[in-house]
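Trainee: Have a look at this one before I ask anything.
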Amino acid sequence: MTTQTEATNQSTISKDTRIALFIPCYIDMMFPEVGIATLQLLERFGLNVSYPLNQTCCGQPMANSGDEANAAPAELLFVENFKEFDFIIGPAGSCVKQVRCHFDVIDQTDDVKHVRQRTYELVEFLHDILNVDSFPWAEFHHSVAIHNSCSSIRGLGIAKPSEIMGVPFDKTADLLSKVKGLVLTPVDRPDDCCGFGGTFCVTDEAVSARMGLEKAHDHLRHGVEYVVSPDMSCLMHQQGIAQRSGLDLKYIHVAQVLNGGPF
Amino acid sequence: MSNAKQVDPAKAAELFIIHDQIHEPMHDRFLWGTMQRRDAEAAAIPEWEELREIASKIKEHTLTHLDHYLEEFEANATKRGAHVHWALDAAEHNEIVHSILKDHGVKEMIKSKSMLQEECHMTPFLENRGIKVIESDLGERIQQLDGQPPSHIVFPAIHKTRKDVAQLFARTVGTDPNNDDPHLLTEVIRNNARPRFLATGAGMTGGNFAIAETGTFMVCTNEGNADIGASVPPLHIASIGIEKLIPRVEDMGVFLRLLARSAEGSPLTQYSSHFSGPRKGGELHIVLVDNGRSRRLGMADFWHSLKCIRCGACMNTCPVYRRSGGLSYGATYSGPIGVILDPTFDEFKYSELPFHSTLCGSCSDVCPVKIDISDQILKWRRVMAERGYLPLVKRMSFAVAGHVLGHPEEYHAMEKVAAPAMDYAPHFLLYNRSLNPWGRSRELPQIAKQTFRDWYLANRSEHADDEQ
């Protein structure tokens, strides 16, 4: 375990390191508290964080449907907005995966390559770059199930997928285990997709809803109070399902827990 | 573009789900259980991931030297006394099989399950020409009696309950419709098929692996039905896709360790049989089939799909397949592997299949030969978008979004009107079944009174000034 200062030294992050906050469009509009928690959390580590005001969306809804022609304007704008920064940090696994893995159809200029390489999901940034070893300000006295999104697990590698053999790891769990009072609760199918899948949730509504409902029942069966995820989009879907079905489950972003709010 | 109608897997899957409260949960539970057995078996082998890598490399090597290995196989199989035939497509395959059967005066034939023969629609072809074909694999026989194609590569009738089978057998074989005891049902169908093994003039099999250095091939089953079909009648015909080639016998040490563990979570299939030439006094014909494979081999983004060993693990792990049932895909191959194979046969007909996925990526991770299935699904979406096969509503909304999202000033202006609009939108609009599928089973998320951007401008004004 390294201390925070050592970690900061090791990762050569200083006051001069230019850090950008990438707030995905749906978080901006529907979950501003997640953006606020992310910004405050990063500021607690003494980082110099900017939020480029011209950001819109990473282009994922179009790119995910194969429509690269209509994804390109958003992707190019993203690169334009973030190309000057050393780190680009977003509290959303699937959007970060879109930038890192799927900005591959637009011209691979130096700026595009730089932005793809330097865009991090919040959990992996805290875990791998800052090597954070404590969150002394955070307390959360609840039973929590982690929902690492498929993009975060199989796209970004923040946890070992159950299909791959080897030593298990889960960076989200590593971070949450440092929060006072928090009880991590195992469930039956921790990394089975919840059925959000971007536009899939409306084009394949029946399958999507069934997957989401089973996910909620898995959580309920194990006495989970809060489902915590690095990906708010999955939670938006799961929360919609649970609310409609009258299931007593709460959904919050990992940044809110690690920052101690806002909830 | 073909004249065939597009299949609609989302609609078919919805029907599978709402049909009753029994079939979909059972289907999901069984396949999830299979996955758990697979995970346990794989975990028991320390070098599992290394095996996957080696298997992938062997397949890549073979596919990039396929002409060489095919010729080597043909020469060695011929030396062993087999007749080797080459079929360019399904029609040629079916003609070859038919002419062999006709030459031998065969009127009834027993076959063990073969996805390639399904792909070629061989059974209806032969039956239209007066040759009776009987499936010897239990699951395939169930599907044949019901007039349905297999719904899964390994478990053809997995979407059916015991009760479904009891009722089907009552209708077709004459059992008691209320007795769904699996032992009884299995025995009835066994006794129904056995006499035919003795009377039949030919047995057909597929081939899991064709080994170039020996000219032999392997068939893996759990019921031994391929063995009896290949051994009792005097004539054995095997249909083998050209991608099934592997160079050496010792490579089987890699593939056999992966196949049954991936397919069903058991160390080996009950029978893993090598066929090396005709049995004494018999005849062996091997039909090597292309049917689009060499064209697929030339597709830069998609040729890796030819590594497939047809284990079905991608289907078992697929959260969408488990809830949909295989018949929803409306194609020979279902599940993730079907999504990437079927469009190579007909891009238009199967243009919706690549969208019947959440792109969760589990299929790529489970695949014993490391096919990048999930990436290929996304690449097929790109093909469909380029061809103009996206649904109209997606095409229109993406064109608008593509523009707005590239223009921040328009985007932020739009954001400003969205929240009040949601407040005043009538309930029937937000939760209308056809206008807004989100709201059928889900509550809508609230649009915040203040966006993050507005909060930032209000609370981090110094930074914001820098930016402007």
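Lettering and numbering for the structure tokens are positional, with chains as A, B, ... in the shown order, residues counted from 1 in each chain, and ligands counted from 1 in the shown order.
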Got a sec: who's within 9 Å of Ile146 of chain A, counting only C-alpha atoms, leaving out chain neighbours fewer than 4 positions off, as a list in words?
Mentor: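 My list of contacting residues is Thr172, Ala173, Leu184, Thr185, Pro186, Val187, Pro190, Tyr226, Val227, Val228, Ser229, Pro230 and Val254 of chain A.
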Trainee: Distance limit 6 Å, atoms considered: only C-alpha atoms. Which chain A residues sit that close to chain B? Return them as number ranges by chain.
Mentor: A: 28-30, 32, 54, 56, 65-67, 70-71, 73-74, 77, 150, 163, 165, 197, 202, 204, 206, 240-241, 244
Trainee: For the alpha helix (DSSP H) assignment from backbone DSSP, which residues of segment 86-276 of chain B qualify? Please present them as a PyMOL selection string.
Mentor: chain B and resi 90-103+115-119+122-127+138-145+162-172+182-199+225-231+252-264
Trainee: When you draw a straight line from atom CA of Glu213 of chain B to atom CA of Ile309 of chain B, how long is it in Å?
Mentor: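 Pair atom CA of Glu213 of chain B / atom CA of Ile309 of chain B returns 19.1 Å.
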Trainee: Could you name the residues that touch Leu47 of chain A at 7 Å or less, counting only C-alpha atoms, but leaving out those on the same chain fewer than 4 positions away, as a list in words?
Mentor: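 Residues meeting the cut-off are Lys15, Leu42 and Glu43 of chain A.
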Trainee: Need to verify the contact set: segment 256-262 of chain B, 7 Å, only C-alpha atoms, exclusion of same-chain residues closer than 6 positions in sequence. Can you return it as a list in words?
Mentor: Arg38, Glu41, Ala42, Leu268, Thr269, Cys311, Ala313 and Pro368 of chain B
Trainee: Quick one: write out the picked residues with N, CA, C and O atoms as a PDB file, in the first residue's frame?
Mentor:
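Once written, selection.pdb looks like this:
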ATOM      1  N   ARG B  38     -19.341 -24.969 -16.686  1.00  0.00           N
ATOM      2  CA  ARG B  38     -18.218 -24.643 -17.578  1.00  0.00           C
ATOM      3  C   ARG B  38     -17.148 -23.862 -16.818  1.00  0.00           C
ATOM      4  O   ARG B  38     -15.952 -24.148 -16.925  1.00  0.00           O
ATOM      5  N   GLU B  41     -15.242 -26.224 -14.519  1.00  0.00           N
ATOM      6  CA  GLU B  41     -14.337 -27.118 -15.260  1.00  0.00           C
ATOM      7  C   GLU B  41     -13.114 -26.352 -15.776  1.00  0.00           C
ATOM      8  O   GLU B  41     -11.990 -26.838 -15.717  1.00  0.00           O
ATOM      9  N   ALA B  42     -13.349 -25.159 -16.293  1.00  0.00           N
ATOM     10  CA  ALA B  42     -12.244 -24.363 -16.828  1.00  0.00           C
ATOM     11  C   ALA B  42     -11.292 -23.965 -15.698  1.00  0.00           C
ATOM     12  O   ALA B  42     -10.067 -23.993 -15.855  1.00  0.00           O
ATOM     13  N   LEU B 268     -15.109 -34.290 -21.071  1.00  0.00           N
ATOM     14  CA  LEU B 268     -15.083 -34.822 -22.441  1.00  0.00           C
ATOM     15  C   LEU B 268     -16.496 -35.177 -22.845  1.00  0.00           C
ATOM     16  O   LEU B 268     -17.341 -35.445 -21.990  1.00  0.00           O
ATOM     17  N   THR B 269     -16.749 -35.224 -24.149  1.00  0.00           N
ATOM     18  CA  THR B 269     -18.007 -35.829 -24.586  1.00  0.00           C
ATOM     19  C   THR B 269     -17.910 -37.327 -24.322  1.00  0.00           C
ATOM     20  O   THR B 269     -16.816 -37.898 -24.265  1.00  0.00           O
ATOM     21  N   CYS B 311     -19.074 -25.057 -30.140  1.00  0.00           N
ATOM     22  CA  CYS B 311     -19.292 -25.548 -28.776  1.00  0.00           C
ATOM     23  C   CYS B 311     -20.550 -24.953 -28.164  1.00  0.00           C
ATOM     24  O   CYS B 311     -21.118 -25.516 -27.232  1.00  0.00           O
ATOM     25  N   ALA B 313     -20.725 -22.256 -26.330  1.00  0.00           N
ATOM     26  CA  ALA B 313     -20.500 -21.539 -25.066  1.00  0.00           C
ATOM     27  C   ALA B 313     -20.959 -20.087 -25.159  1.00  0.00           C
ATOM     28  O   ALA B 313     -21.470 -19.520 -24.191  1.00  0.00           O
ATOM     29  N   PRO B 368     -13.645 -20.568 -26.682  1.00  0.00           N
ATOM     30  CA  PRO B 368     -12.426 -21.366 -26.477  1.00  0.00           C
ATOM     31  C   PRO B 368     -11.369 -21.135 -27.553  1.00  0.00           C
ATOM     32  O   PRO B 368     -10.217 -21.491 -27.343  1.00  0.00           O
TER      33      PRO B 368
END
Trainee: Which polymer residues have any atom within 8 Å of an atom of Thr123 of chain B, counting only C-alpha atoms, with same-chain residues fewer than 5 positions away left out, as an mmCIF file with N, CA, C and O atoms, in the first residue's frame?
Mentor:
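Writing done, so here's result-v3.cif:
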data_model
loop_
_atom_site.group_PDB
_atom_site.id
_atom_site.type_symbol
_atom_site.label_atom_id
_atom_site.label_comp_id
_atom_site.auth_asym_id
_atom_site.auth_seq_id
_atom_site.Cartn_x
_atom_site.Cartn_y
_atom_site.Cartn_z
ATOM 1 N N GLN B 117 -25.235 -29.781 -42.209
ATOM 2 C CA GLN B 117 -26.360 -30.313 -42.974
ATOM 3 C C GLN B 117 -27.614 -29.467 -42.770
ATOM 4 O O GLN B 117 -28.439 -29.327 -43.674
ATOM 5 N N GLU B 118 -27.759 -28.874 -41.568
ATOM 6 C CA GLU B 118 -28.849 -27.917 -41.340
ATOM 7 C C GLU B 118 -28.684 -26.709 -42.257
ATOM 8 O O GLU B 118 -29.625 -26.236 -42.880
ATOM 9 N N VAL B 133 -35.318 -39.502 -43.925
ATOM 10 C CA VAL B 133 -34.167 -39.155 -43.089
ATOM 11 C C VAL B 133 -34.595 -39.145 -41.628
ATOM 12 O O VAL B 133 -35.589 -38.501 -41.279
#
Trainee: Apply DSSP to the structure's backbone, then extract all residues of segment 7-247 of chain A labelled strand (DSSP E) and return them as a ChimeraX atom specification.
Mentor: /A:19-21,49-50,87-90,119-121,143-146,183-184,226-229
Trainee: Go through B:His68, B:Asp28, B:Lys57, B:Ile142 one by one, measure the shortest atom-to-atom distance of each to Val207 of chain A using only C-alpha atoms, and give the residue with the smallest value.
Mentor: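 Closest to Val207 of chain A of all the choices is B:Asp28.
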Trainee: Quick one: everything within 7 Å of Arg100 of chain A, counting only C-alpha atoms, minus sequence neighbours fewer than 2 positions away in the same chain. Send it as a PyMOL selection string.
Mentor: chain A and resi 96-98+102-103+116-117+119
Trainee: Mind writing the picked residues with N, CA and C atoms as a tab-separated table (two decimals), in the first residue's frame?
Mentor:
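As written to disk, selection23.tsv reads:
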chain	number	residue	atom	x	y	z
A	96	VAL	N	-16.32	6.04	-21.50
A	96	VAL	CA	-14.86	5.99	-21.59
A	96	VAL	C	-14.43	4.89	-22.57
A	97	LYS	N	-15.14	3.77	-22.52
A	97	LYS	CA	-14.82	2.69	-23.47
A	97	LYS	C	-15.06	3.16	-24.91
A	98	GLN	N	-16.13	3.92	-25.10
A	98	GLN	CA	-16.40	4.46	-26.44
A	98	GLN	C	-15.21	5.29	-26.94
A	102	HIS	N	-13.52	2.78	-29.31
A	102	HIS	CA	-14.33	2.91	-30.53
A	102	HIS	C	-14.15	4.22	-31.29
A	103	PHE	N	-13.19	5.05	-30.86
A	103	PHE	CA	-12.83	6.20	-31.71
A	103	PHE	C	-11.86	5.69	-32.79
A	116	ARG	N	-7.51	9.24	-26.90
A	116	ARG	CA	-7.91	7.86	-26.64
A	116	ARG	C	-7.08	7.26	-25.51
A	117	GLN	N	-5.77	7.54	-25.54
A	117	GLN	CA	-4.87	6.98	-24.53
A	117	GLN	C	-5.08	7.58	-23.15
A	119	THR	N	-7.81	9.02	-21.77
A	119	THR	CA	-9.15	9.07	-21.18
A	119	THR	C	-9.33	7.89	-20.22
Trainee: Show which residues sit within 8 Å of Gly330 of chain B, as a list in words. Count only C-alpha atoms, and ignore same-chain residues fewer than 4 positions away.
Mentor: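 So the residues in contact are Val7, Asp8, Pro9, Gly326 and Ser334 of chain B.
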